[in-house]
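What follows is the content of model_10.cif (mmCIF, C-alpha atoms).
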data_input
loop_
_atom_site.label_atom_id
_atom_site.label_comp_id
_atom_site.auth_asym_id
_atom_site.auth_seq_id
_atom_site.Cartn_x
_atom_site.Cartn_y
_atom_site.Cartn_z
CA MET Q 1 219.64 173.11 217.08
CA GLU Q 2 223.13 174.55 217.34
CA LYS Q 3 225.52 172.04 218.86
CA ALA Q 4 227.70 173.09 221.74
CA TYR Q 5 230.09 170.22 221.14
CA LYS Q 6 232.53 169.86 218.24
CA PHE Q 7 232.69 166.25 217.20
CA GLN Q 8 235.55 163.93 216.40
CA GLU Q 9 236.52 165.44 213.04
CA ASN Q 10 239.08 167.58 214.91
CA LEU Q 11 240.04 164.95 217.48
CA ASN Q 12 242.78 162.34 217.50
CA ILE Q 13 240.88 159.45 219.06
CA HIS Q 14 242.92 156.38 220.06
CA LEU Q 15 240.91 153.19 220.43
CA SER Q 16 241.96 149.92 222.01
CA PRO Q 17 242.40 146.93 219.61
CA ARG Q 18 238.99 145.66 220.67
CA TYR Q 19 237.25 148.79 219.37
CA ASP Q 20 239.44 148.95 216.26
CA SER Q 21 238.51 145.40 215.33
CA MET Q 22 234.81 146.17 215.70
CA ARG Q 23 235.15 149.26 213.56
CA ASN Q 24 237.02 147.38 210.84
CA ALA Q 25 234.46 144.60 210.97
CA GLY Q 26 231.81 147.08 209.92
CA LEU Q 27 230.24 148.08 213.22
CA PRO Q 28 227.05 149.87 212.12
CA ILE Q 29 226.84 153.57 212.91
CA THR Q 30 223.21 154.46 213.59
CA SER Q 31 221.46 157.78 213.48
CA LYS Q 32 220.57 157.49 217.17
CA LYS Q 33 221.61 160.63 218.99
CA ALA Q 34 223.17 160.22 222.42
CA ILE Q 35 223.81 162.61 225.29
CA VAL Q 36 226.47 161.77 227.86
CA PHE Q 37 225.70 162.74 231.47
CA PHE Q 38 228.73 162.85 233.80
CA ASP Q 39 228.16 162.53 237.54
CA ALA Q 40 231.41 164.39 238.24
CA ASN Q 41 231.65 163.64 241.94
CA ASN Q 42 231.15 159.90 241.47
CA TRP Q 43 233.51 159.87 238.46
CA TYR Q 44 236.26 161.72 240.33
CA HIS Q 45 236.25 159.59 243.49
CA ASN Q 46 236.18 156.27 241.62
CA LEU Q 47 238.63 157.28 238.89
CA LYS Q 48 241.33 158.51 241.29
CA LYS Q 49 242.01 154.87 242.22
CA PHE Q 50 243.49 154.55 238.70
CA PHE Q 51 244.75 157.99 237.67
CA ASN Q 52 244.68 161.65 238.48
CA PRO Q 53 241.19 162.49 237.15
CA ASN Q 54 242.53 165.69 235.58
CA GLU Q 55 244.68 163.58 233.23
CA VAL Q 56 241.73 161.84 231.55
CA ASP Q 57 240.19 163.45 228.46
CA ILE Q 58 236.42 163.58 228.96
CA VAL Q 59 235.76 164.02 225.25
CA LYS Q 60 237.79 160.95 224.32
CA ILE Q 61 235.98 158.79 226.87
CA SER Q 62 232.60 159.96 225.54
CA GLU Q 63 233.60 159.41 221.91
CA LEU Q 64 234.92 155.95 222.66
CA ILE Q 65 231.72 154.78 224.35
CA CYS Q 66 229.53 156.18 221.57
CA LYS Q 67 231.67 154.49 218.91
CA GLN Q 68 231.30 151.19 220.74
CA LYS Q 69 227.51 151.52 220.78
CA GLY Q 70 227.20 153.06 217.32
CA TYR Q 71 225.66 156.28 218.64
CA LYS Q 72 226.01 159.79 217.30
CA LEU Q 73 227.37 161.92 220.14
CA GLU Q 74 225.13 164.95 220.44
CA GLU Q 75 226.26 166.55 223.70
CA ILE Q 76 228.39 166.04 226.81
CA ARG Q 77 226.99 167.35 230.10
CA TRP Q 78 229.17 167.69 233.22
CA TYR Q 79 227.35 167.91 236.57
CA ALA Q 80 229.55 169.06 239.44
CA SER Q 81 229.46 170.61 242.86
CA VAL Q 82 231.59 173.71 243.36
CA PRO Q 83 233.30 174.30 246.72
CA ASN Q 84 233.01 177.64 248.44
CA ILE Q 85 236.07 179.86 248.27
CA GLU Q 86 235.95 179.96 252.08
CA ASP Q 87 236.79 176.24 252.10
CA GLY Q 88 240.18 177.02 250.57
CA GLU Q 89 241.21 179.35 247.76
CA ASN Q 90 243.65 176.88 246.22
CA MET Q 91 241.04 174.12 245.91
CA TYR Q 92 238.41 176.57 244.69
CA TYR Q 93 240.52 178.08 241.90
CA LYS Q 94 241.81 174.70 240.75
CA HIS Q 95 238.23 173.53 240.40
CA ILE Q 96 237.16 176.64 238.50
CA SER Q 97 240.17 176.30 236.17
CA PHE Q 98 239.28 172.66 235.43
CA LEU Q 99 235.67 173.57 234.65
CA SER Q 100 236.89 176.35 232.36
CA GLN Q 101 238.97 173.83 230.39
CA LEU Q 102 235.96 171.55 229.95
CA LYS Q 103 233.84 174.47 228.78
CA LYS Q 104 236.43 175.35 226.12
CA GLN Q 105 235.98 171.83 224.75
CA GLY Q 106 232.29 172.52 224.25
CA ILE Q 107 231.15 170.50 227.27
CA LYS Q 108 228.00 171.78 228.96
CA ILE Q 109 228.74 172.58 232.63
CA ILE Q 110 226.02 172.35 235.29
CA THR Q 111 227.09 173.26 238.82
CA ARG Q 112 225.70 173.58 242.31
CA LYS Q 113 227.39 174.92 245.43
CA LEU Q 114 228.19 172.55 248.27
CA GLN Q 115 225.74 173.03 251.13
CA LYS Q 116 224.31 171.15 254.08
CA PHE Q 117 220.57 170.91 254.52
CA SER Q 118 218.19 169.54 257.11
CA ASN Q 119 215.59 166.99 255.95
CA LYS Q 120 212.94 169.71 255.78
CA GLU Q 121 215.17 172.07 253.77
CA LEU Q 122 216.25 169.23 251.50
CA LEU Q 123 212.69 168.28 250.61
CA LYS Q 124 211.74 171.92 250.08
CA ASN Q 125 214.67 172.56 247.72
CA LYS Q 126 213.95 169.45 245.68
CA LYS Q 127 210.32 170.43 245.25
CA GLU Q 128 211.32 173.94 244.19
CA LEU Q 129 213.75 172.49 241.66
CA ILE Q 130 211.06 170.30 240.11
CA GLU Q 131 208.54 173.15 240.17
CA SER Q 132 210.95 175.38 238.22
CA LEU Q 133 210.86 172.98 235.25
CA GLU Q 134 207.25 173.93 234.44
CA LEU Q 135 206.25 170.37 233.59
CA CYS Q 136 202.77 169.28 232.60
CA ASN Q 137 200.74 167.70 235.41
CA LYS Q 138 201.34 164.15 234.17
CA CYS Q 139 205.10 164.57 233.83
CA LYS Q 140 205.32 166.42 237.13
CA GLN Q 141 203.66 163.55 239.00
CA ILE Q 142 206.06 161.04 237.44
CA VAL Q 143 209.13 163.15 238.22
CA GLU Q 144 208.06 163.79 241.81
CA ALA Q 145 207.36 160.11 242.46
CA SER Q 146 210.71 159.07 241.05
CA PHE Q 147 213.15 161.71 242.22
CA LEU Q 148 212.17 163.24 245.54
CA ASP Q 149 214.08 160.57 247.47
CA LEU Q 150 217.23 160.44 245.36
CA ALA Q 151 219.81 162.33 247.45
CA ASP Q 152 221.69 160.87 250.39
CA ILE Q 153 220.97 163.31 253.21
CA LYS Q 154 223.91 162.03 255.26
CA LYS Q 155 226.27 163.66 252.78
CA LYS Q 156 226.63 167.27 251.74
CA GLU Q 157 223.60 167.83 249.58
CA LYS Q 158 224.41 169.40 246.25
CA GLY Q 159 221.22 168.87 244.29
CA ILE Q 160 223.41 167.32 241.58
CA ASP Q 161 221.90 163.81 241.69
CA VAL Q 162 218.39 165.20 241.39
CA TRP Q 163 219.42 167.54 238.59
CA ILE Q 164 221.00 164.71 236.59
CA ALA Q 165 217.96 162.49 237.07
CA ILE Q 166 215.59 165.22 235.94
CA ASP Q 167 217.73 166.02 232.90
CA LEU Q 168 217.84 162.35 231.90
CA VAL Q 169 214.06 162.48 231.66
CA ARG Q 170 213.77 165.99 230.25
CA LYS Q 171 216.34 165.57 227.46
CA SER Q 172 215.14 162.16 226.30
CA ILE Q 173 211.38 162.15 226.95
CA ILE Q 174 210.10 165.70 227.32
CA GLU Q 175 212.35 167.64 224.91
CA GLU Q 176 213.23 164.58 222.77
CA GLU Q 177 216.78 165.78 222.11
CA CYS Q 178 218.29 162.29 222.15
CA HIS Q 179 217.44 158.64 221.59
CA ALA Q 180 219.95 157.34 224.12
CA CYS Q 181 221.22 158.52 227.51
CA ILE Q 182 224.70 157.51 228.63
CA LEU Q 183 225.15 157.95 232.37
CA ILE Q 184 228.75 158.08 233.59
CA SER Q 185 228.22 157.01 237.18
CA GLY Q 186 228.29 153.90 239.31
CA ASP Q 187 225.56 155.17 241.64
CA ALA Q 188 222.42 153.03 241.98
CA ASP Q 189 220.40 156.09 243.02
CA PHE Q 190 219.77 156.74 239.32
CA VAL Q 191 217.89 153.47 238.74
CA PRO Q 192 214.41 155.12 239.00
CA ALA Q 193 215.36 157.73 236.41
CA MET Q 194 216.85 155.09 234.12
CA GLU Q 195 213.70 153.01 234.43
CA LEU Q 196 211.55 155.95 233.41
CA VAL Q 197 213.75 156.68 230.39
CA SER Q 198 213.77 153.03 229.32
CA ASN Q 199 210.02 152.54 229.79
CA ASN Q 200 209.38 155.44 227.41
CA GLY Q 201 211.23 153.77 224.55
CA ASN Q 202 214.66 155.39 224.90
CA GLU Q 203 217.94 153.55 225.29
CA ILE Q 204 219.92 153.86 228.51
CA LEU Q 205 223.50 152.90 229.31
CA SER Q 206 225.59 153.36 232.42
CA ALA Q 207 229.39 153.46 232.35
CA SER Q 208 231.94 153.53 235.15
CA VAL Q 209 235.32 152.29 236.25
CA PRO Q 210 235.13 148.95 238.15
CA PHE Q 211 235.57 150.54 241.58
CA GLY Q 212 232.29 151.74 243.09
CA TYR Q 213 230.17 150.40 240.22
CA SER Q 214 226.80 149.35 241.68
CA ASN Q 215 225.78 145.73 241.06
CA GLU Q 216 222.14 146.86 240.97
CA LEU Q 217 222.91 149.32 238.21
CA ARG Q 218 224.62 146.66 236.11
CA SER Q 219 222.03 143.96 236.73
CA LYS Q 220 219.08 146.08 235.59
CA TYR Q 221 220.41 147.98 232.56
CA PRO Q 222 223.09 147.79 229.86
CA TYR Q 223 226.47 148.82 231.18
CA PHE Q 224 229.99 149.60 230.05
CA ILE Q 225 232.98 148.99 232.34
CA ILE Q 226 235.74 151.53 231.74
CA ARG Q 227 238.87 149.52 232.48
CA LYS Q 228 242.42 150.73 233.04
CA GLU Q 229 243.58 149.83 229.54
CA THR Q 230 240.72 151.90 228.09
CA LEU Q 231 241.59 154.86 230.29
CA MET Q 232 245.22 154.64 229.11
CA LYS Q 233 244.00 155.39 225.59
CA CYS Q 234 242.09 158.43 226.82
CA LEU Q 235 244.82 160.23 228.75
CA LYS Q 236 245.50 163.78 227.65
CA ARG Q 237 249.20 163.04 227.36
CA TYR Q 238 248.64 160.02 225.12
CA ASN Q 239 249.86 160.47 221.53
#
Translate this structure into structure tokens?
Amino acid sequence: MEKAYKFQENLNIHLSPRYDSMRNAGLPITSKKAIVFFDANNWYHNLKKFFNPNEVDIVKISELICKQKGYKLEEIRWYASVPNIEDGENMYYKHISFLSQLKKQGIKIITRKLQKFSNKELLKNKKELIESLELCNKCKQIVEASFLDLADIKKKEKGIDVWIAIDLVRKSIIEEECHACILISGDADFVPAMELVSNNGNEILSASVPFGYSNELRSKYPYFIIRKETLMKCLKRYN
């Protein structure tokens, strides 16, 4: 399979002393392939308590986490909602420019437009999304049972949470493109998807900054806290 992401051979990755010491101590690098799934909305709103999110290098963060776990980084996937141009041209074009920069780095971009749905419309759209995957009957039943109640209907529904959850299962279990899923989110809504991935023999890891990091998420599955000192090493301006 042709990789969309160019790995660290062309990157200047700066690791904290903790990661350097592990590397020098002979941290084993396995052949386990990992895909990183970014919940962009959750990442942005939690990260802005530390830095301007645009200043943090997404590739460096992903490489750092994979090095810590000894994974081979196979792909980075960025799931984001896109505002309508009617909501403000300045905000819209800034967002599109940012996504374009990520795409140039080889990051896979998955977007949905911001919309508001009634409960009936929400359920209908989720079912249509699952139906479009053309799953076998067994997988379809599992996905429907796990993911139809994921989104918070009190917020603007984007379909992003459901899409991430489905891709966690599809990439690791159905298409078998990775051995490990790294979820960059502090949202406990993904616990059912993580449970399904884990129960099928794949490794799962969540990672987030301390703010907004669900206790439920950390208590049930392996986790990685992205602290301020780690983020400092992953700023675009860092040399």
As a check of understanding, name the residues that the PyMOL selection byres ((chain Q and resi 216-229) around 7) selects in the supplied structure, as a ChimeraX atom specification. /Q:50,188,191,204-210,214-215,230-233
Write a file of the just-selected residues containing C-alpha atoms, as a PDB file, keeping the file's coordinate frame.
ATOM      1  CA  PHE Q  50     243.490 154.550 238.700  1.00  0.00           C
ATOM      2  CA  ALA Q 188     222.420 153.030 241.980  1.00  0.00           C
ATOM      3  CA  VAL Q 191     217.890 153.470 238.740  1.00  0.00           C
ATOM      4  CA  ILE Q 204     219.920 153.860 228.510  1.00  0.00           C
ATOM      5  CA  LEU Q 205     223.500 152.900 229.310  1.00  0.00           C
ATOM      6  CA  SER Q 206     225.590 153.360 232.420  1.00  0.00           C
ATOM      7  CA  ALA Q 207     229.390 153.460 232.350  1.00  0.00           C
ATOM      8  CA  SER Q 208     231.940 153.530 235.150  1.00  0.00           C
ATOM      9  CA  VAL Q 209     235.320 152.290 236.250  1.00  0.00           C
ATOM     10  CA  PRO Q 210     235.130 148.950 238.150  1.00  0.00           C
ATOM     11  CA  SER Q 214     226.800 149.350 241.680  1.00  0.00           C
ATOM     12  CA  ASN Q 215     225.780 145.730 241.060  1.00  0.00           C
ATOM     13  CA  THR Q 230     240.720 151.900 228.090  1.00  0.00           C
ATOM     14  CA  LEU Q 231     241.590 154.860 230.290  1.00  0.00           C
ATOM     15  CA  MET Q 232     245.220 154.640 229.110  1.00  0.00           C
ATOM     16  CA  LYS Q 233     244.000 155.390 225.590  1.00  0.00           C
TER      17      LYS Q 233
END
Under the PyMOL selection byres ((chain Q and resi 212) around 6), which residues of this model are included? Write them out as a PDB file with C-alpha atoms, in the frame of the given file.
ATOM      1  CA  GLY Q 186     228.290 153.900 239.310  1.00  0.00           C
ATOM      2  CA  PHE Q 211     235.570 150.540 241.580  1.00  0.00           C
ATOM      3  CA  TYR Q 213     230.170 150.400 240.220  1.00  0.00           C
TER       4      TYR Q 213
END
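Taking atom CA of Trp43 of chain Q as the reference point, atom CA of Lys140 of chain Q is found at 29.0 Å.
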Surrounding residues of Trp163 of chain Q excluding itself and chain neighbours under 5 positions, 9 Å, all atoms listed in the file, as a PDB file with C-alpha atoms, in the coordinates of the input:
ATOM      1  CA  TYR Q  79     227.350 167.910 236.570  1.00  0.00           C
ATOM      2  CA  ILE Q 110     226.020 172.350 235.290  1.00  0.00           C
ATOM      3  CA  LEU Q 129     213.750 172.490 241.660  1.00  0.00           C
ATOM      4  CA  ILE Q 130     211.060 170.300 240.110  1.00  0.00           C
ATOM      5  CA  LEU Q 168     217.840 162.350 231.900  1.00  0.00           C
TER       6      LEU Q 168
END
Check which residues satisfy the PyMOL selection byres ((chain Q and resi 177) around 10) in the file shown, then give them as a VMD selection string. chain Q and resid 1 33 to 35 74 to 75 170 to 176 178 to 180
How about saving the chosen residues, C-alpha atoms kept, as an mmCIF file, in the frame of the given file?
data_model
loop_
_atom_site.group_PDB
_atom_site.id
_atom_site.type_symbol
_atom_site.label_atom_id
_atom_site.label_comp_id
_atom_site.auth_asym_id
_atom_site.auth_seq_id
_atom_site.Cartn_x
_atom_site.Cartn_y
_atom_site.Cartn_z
ATOM 1 C CA MET Q 1 219.640 173.110 217.080
ATOM 2 C CA LYS Q 33 221.610 160.630 218.990
ATOM 3 C CA ALA Q 34 223.170 160.220 222.420
ATOM 4 C CA ILE Q 35 223.810 162.610 225.290
ATOM 5 C CA GLU Q 74 225.130 164.950 220.440
ATOM 6 C CA GLU Q 75 226.260 166.550 223.700
ATOM 7 C CA ARG Q 170 213.770 165.990 230.250
ATOM 8 C CA LYS Q 171 216.340 165.570 227.460
ATOM 9 C CA SER Q 172 215.140 162.160 226.300
ATOM 10 C CA ILE Q 173 211.380 162.150 226.950
ATOM 11 C CA ILE Q 174 210.100 165.700 227.320
ATOM 12 C CA GLU Q 175 212.350 167.640 224.910
ATOM 13 C CA GLU Q 176 213.230 164.580 222.770
ATOM 14 C CA CYS Q 178 218.290 162.290 222.150
ATOM 15 C CA HIS Q 179 217.440 158.640 221.590
ATOM 16 C CA ALA Q 180 219.950 157.340 224.120
#
Place a sphere of radius 9 Å on (211.0, 157.3, 233.0) in the file coordinates and name every protein, DNA or RNA residue with an atom inside or on its surface, counting only C-alpha atoms; give the answer as a ChimeraX atom specification. /Q:142-143,146,168-169,173,192-200
Taking C-alpha atoms for each residue, export the selection above as a compact mmCIF listing (two decimals), in the coordinates of the input.
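Generated file (result_1.txt):
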# COMPACT_ATOMS: atom_id res chain seq x y z
CA ILE Q 142 206.06 161.04 237.44
CA VAL Q 143 209.13 163.15 238.22
CA SER Q 146 210.71 159.07 241.05
CA LEU Q 168 217.84 162.35 231.90
CA VAL Q 169 214.06 162.48 231.66
CA ILE Q 173 211.38 162.15 226.95
CA PRO Q 192 214.41 155.12 239.00
CA ALA Q 193 215.36 157.73 236.41
CA MET Q 194 216.85 155.09 234.12
CA GLU Q 195 213.70 153.01 234.43
CA LEU Q 196 211.55 155.95 233.41
CA VAL Q 197 213.75 156.68 230.39
CA SER Q 198 213.77 153.03 229.32
CA ASN Q 199 210.02 152.54 229.79
CA ASN Q 200 209.38 155.44 227.41
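Going from atom CA of Ser31 of chain Q to atom CA of Gly70 of chain Q covers 8.4 Å.
With atom CA of Lys69 of chain Q on one side and atom CA of Ile184 of chain Q on the other, the separation reads 14.4 Å.
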Considering only C-alpha atoms, return as a PyMOL selection string whatever protein or nucleic-acid residues lie within 7 Å of Val82 of chain Q, sequence-local ones (same chain, fewer than 2 positions apart) excluded. chain Q and resi 80+84+111-114
Polymer residues at most 8 Å from Ile164 of chain Q, all atoms listed in the file, same-chain spacing of 2 or more positions, as a PyMOL selection string: chain Q and resi 37+39+79+160-162+166-168
Please produce a file of the residues just selected, as a CSV table (one decimal), in the coordinates of the input, where the atoms kept are C-alpha atoms.
chain,number,residue,atom,x,y,z
Q,37,PHE,CA,225.7,162.7,231.5
Q,39,ASP,CA,228.2,162.5,237.5
Q,79,TYR,CA,227.4,167.9,236.6
Q,160,ILE,CA,223.4,167.3,241.6
Q,161,ASP,CA,221.9,163.8,241.7
Q,162,VAL,CA,218.4,165.2,241.4
Q,166,ILE,CA,215.6,165.2,235.9
Q,167,ASP,CA,217.7,166.0,232.9
Q,168,LEU,CA,217.8,162.4,231.9
Which residue of Q:Lys60, Q:Met91, Q:Ser132, Q:Ile109 approaches Phe38 of chain Q most closely, using all atoms listed in the file: Q:Ile109
